[in-house]
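Asker: Submitted below is the structure of interest, expressed as structure tokens.
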Amino acid sequence: MYYVNREQIERRLNVLPELEQVFAAASSAEDNPLLLRYAEERALHLAIEIVTDVGSYLIDGFIMRDASSYEDIIDIMRDEKVIGQHLFELLTELVRLRKPLVQEYFEWDRSAGQALARKLPPAMEEFAGNVRSYLDKENIPS
């Protein structure tokens, strides 16, 4: 029997709609003021943490192979059929932003983050739906 902490997974997935609102506000702003730019960057950072946290809960709970990196977490979710190839590619692009966002923030190319932020809202919905479907398929109670 597996122990998958669905409550903790759901707590993280439930933050995604708020991030979608930030992405929408930042992308619709004509002049992209400083405050919205930093809000968008924080939303990208939280999206990375949510995706990797949820992936880690799945990996630990279902005793999947150990992940060696953030990208590997995404790879394992694809291999275990939690996510498909298209989502795998987008989420891999997302987690690759972690180091520039967290460690190289003083010199990173913000345009890469802005372009990705425009693609993320539907992808985050798809991710949450895929995770919930996977948990339901595996008979993990809500």
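If you're wondering about the labels, chains in the structure tokens are A, B, ... by order shown, residues count from 1 in each chain, ligands from 1 in order shown.
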If you count only C-alpha atoms, which residues fall within 12 Å of A:Ile76, apart from same-chain ones fewer than 2 positions away, as an MDAnalysis selection string?

Answerer: chainID A and resid 52 54:60 62:74 78:85 88 92

Asker: So, with only C-alpha atoms as the atoms that count, which of A:Glu41, A:Asn139, A:Ala128, A:Leu13 lies closest to A:Arg98?

Answerer: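 Of all the options, A:Glu41 lies closest to A:Arg98.
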
Asker: I need the alpha helix (DSSP H) residues of chain A per DSSP on the backbone, written as a PyMOL selection string.

Answerer: chain A and resi 6-13+16-28+34-61+70-79+85-95+98-102+110-137

Asker: Report, in Å with one decimal, the straight-line distance from atom CA of A:Leu19 to atom CA of A:Tyr3.

Answerer: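 Pair atom CA of A:Leu19 / atom CA of A:Tyr3 returns 28.3 Å.
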
Asker: So which residues touch A:Tyr38 within 12 Å, counting only C-alpha atoms, skipping near sequence neighbours fewer than 5 positions away, as a list in words?

Answerer: Val22, Phe23, Ala25, Ala26, Asn32, Pro33, Ala43, Leu44, His45, Leu101, Tyr105, Arg110, Gly113 and Gln114 of chain A

Asker: Fewer than 5 positions away in the same chain doesn't count, so skip those; otherwise give me all residues within 12 Å of A:Leu87, counting only C-alpha atoms, as a short mmCIF file (atom, residue, chain, number, x, y, z; two decimals) with N, CA, C and O atoms, in the first residue's frame.

Answerer:
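For reference, selection10.cif as written:
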```
data_model
loop_
_atom_site.label_atom_id
_atom_site.label_comp_id
_atom_site.auth_asym_id
_atom_site.auth_seq_id
_atom_site.Cartn_x
_atom_site.Cartn_y
_atom_site.Cartn_z
N VAL A 51 5.18 22.65 -8.92
CA VAL A 51 5.36 21.50 -9.82
C VAL A 51 6.36 20.51 -9.23
O VAL A 51 6.12 19.30 -9.22
N ILE A 74 10.42 16.11 -13.39
CA ILE A 74 9.50 16.25 -14.53
C ILE A 74 9.60 15.00 -15.41
O ILE A 74 8.59 14.46 -15.87
N ASP A 75 10.80 14.53 -15.63
CA ASP A 75 11.03 13.33 -16.44
C ASP A 75 10.33 12.11 -15.84
O ASP A 75 9.69 11.33 -16.55
N MET A 77 7.72 12.13 -13.86
CA MET A 77 6.27 12.27 -14.02
C MET A 77 5.84 11.88 -15.44
O MET A 77 4.77 11.30 -15.62
N ARG A 78 6.66 12.20 -16.42
CA ARG A 78 6.33 11.78 -17.80
C ARG A 78 6.44 10.26 -17.92
O ARG A 78 5.55 9.61 -18.46
N LYS A 81 3.63 8.46 -16.58
CA LYS A 81 2.38 8.81 -17.26
C LYS A 81 1.46 9.71 -16.44
O LYS A 81 0.24 9.65 -16.57
N VAL A 82 2.07 10.53 -15.59
CA VAL A 82 1.29 11.55 -14.89
C VAL A 82 1.03 12.70 -15.87
O VAL A 82 -0.06 13.27 -15.89
N THR A 92 9.57 21.29 -18.21
CA THR A 92 11.04 21.25 -18.20
C THR A 92 11.59 22.65 -18.44
O THR A 92 12.52 23.09 -17.76
N GLU A 93 10.99 23.36 -19.39
CA GLU A 93 11.38 24.75 -19.64
C GLU A 93 11.18 25.60 -18.38
O GLU A 93 12.02 26.43 -18.03
N LEU A 94 10.07 25.35 -17.69
CA LEU A 94 9.78 26.09 -16.46
C LEU A 94 10.83 25.82 -15.39
O LEU A 94 11.38 26.77 -14.82
N LYS A 119 2.35 31.24 -21.61
CA LYS A 119 1.94 29.87 -21.94
C LYS A 119 1.52 29.07 -20.71
O LYS A 119 0.90 28.02 -20.85
N LEU A 120 1.85 29.53 -19.53
CA LEU A 120 1.65 28.73 -18.32
C LEU A 120 0.21 28.55 -17.83
O LEU A 120 -0.11 27.46 -17.36
N PRO A 121 -0.66 29.55 -17.87
CA PRO A 121 -1.99 29.33 -17.29
C PRO A 121 -2.71 28.07 -17.77
O PRO A 121 -3.12 27.26 -16.93
N PRO A 122 -2.84 27.81 -19.07
CA PRO A 122 -3.51 26.56 -19.46
C PRO A 122 -2.68 25.32 -19.08
O PRO A 122 -3.24 24.27 -18.75
N ALA A 123 -1.38 25.46 -19.08
CA ALA A 123 -0.52 24.33 -18.72
C ALA A 123 -0.66 23.98 -17.24
O ALA A 123 -0.65 22.80 -16.87
N MET A 124 -0.81 24.99 -16.39
CA MET A 124 -0.97 24.73 -14.97
C MET A 124 -2.32 24.06 -14.69
O MET A 124 -2.41 23.17 -13.85
N GLU A 125 -3.35 24.46 -15.42
CA GLU A 125 -4.65 23.79 -15.30
C GLU A 125 -4.54 22.34 -15.74
O GLU A 125 -5.08 21.44 -15.10
N GLU A 126 -3.85 22.13 -16.85
CA GLU A 126 -3.66 20.76 -17.35
C GLU A 126 -2.87 19.92 -16.35
O GLU A 126 -3.20 18.76 -16.10
N PHE A 127 -1.83 20.51 -15.79
CA PHE A 127 -1.01 19.80 -14.81
C PHE A 127 -1.86 19.37 -13.62
O PHE A 127 -1.83 18.21 -13.21
N ALA A 128 -2.61 20.31 -13.06
CA ALA A 128 -3.46 19.99 -11.90
C ALA A 128 -4.46 18.89 -12.26
O ALA A 128 -4.66 17.94 -11.48
N GLY A 129 -5.07 18.99 -13.42
CA GLY A 129 -6.03 17.97 -13.86
C GLY A 129 -5.37 16.61 -14.03
O GLY A 129 -5.94 15.58 -13.63
N ASN A 130 -4.19 16.60 -14.61
CA ASN A 130 -3.46 15.34 -14.81
C ASN A 130 -3.10 14.68 -13.48
O ASN A 130 -3.23 13.47 -13.32
N VAL A 131 -2.63 15.49 -12.53
CA VAL A 131 -2.26 14.94 -11.23
C VAL A 131 -3.49 14.37 -10.53
O VAL A 131 -3.45 13.25 -10.00
#
```
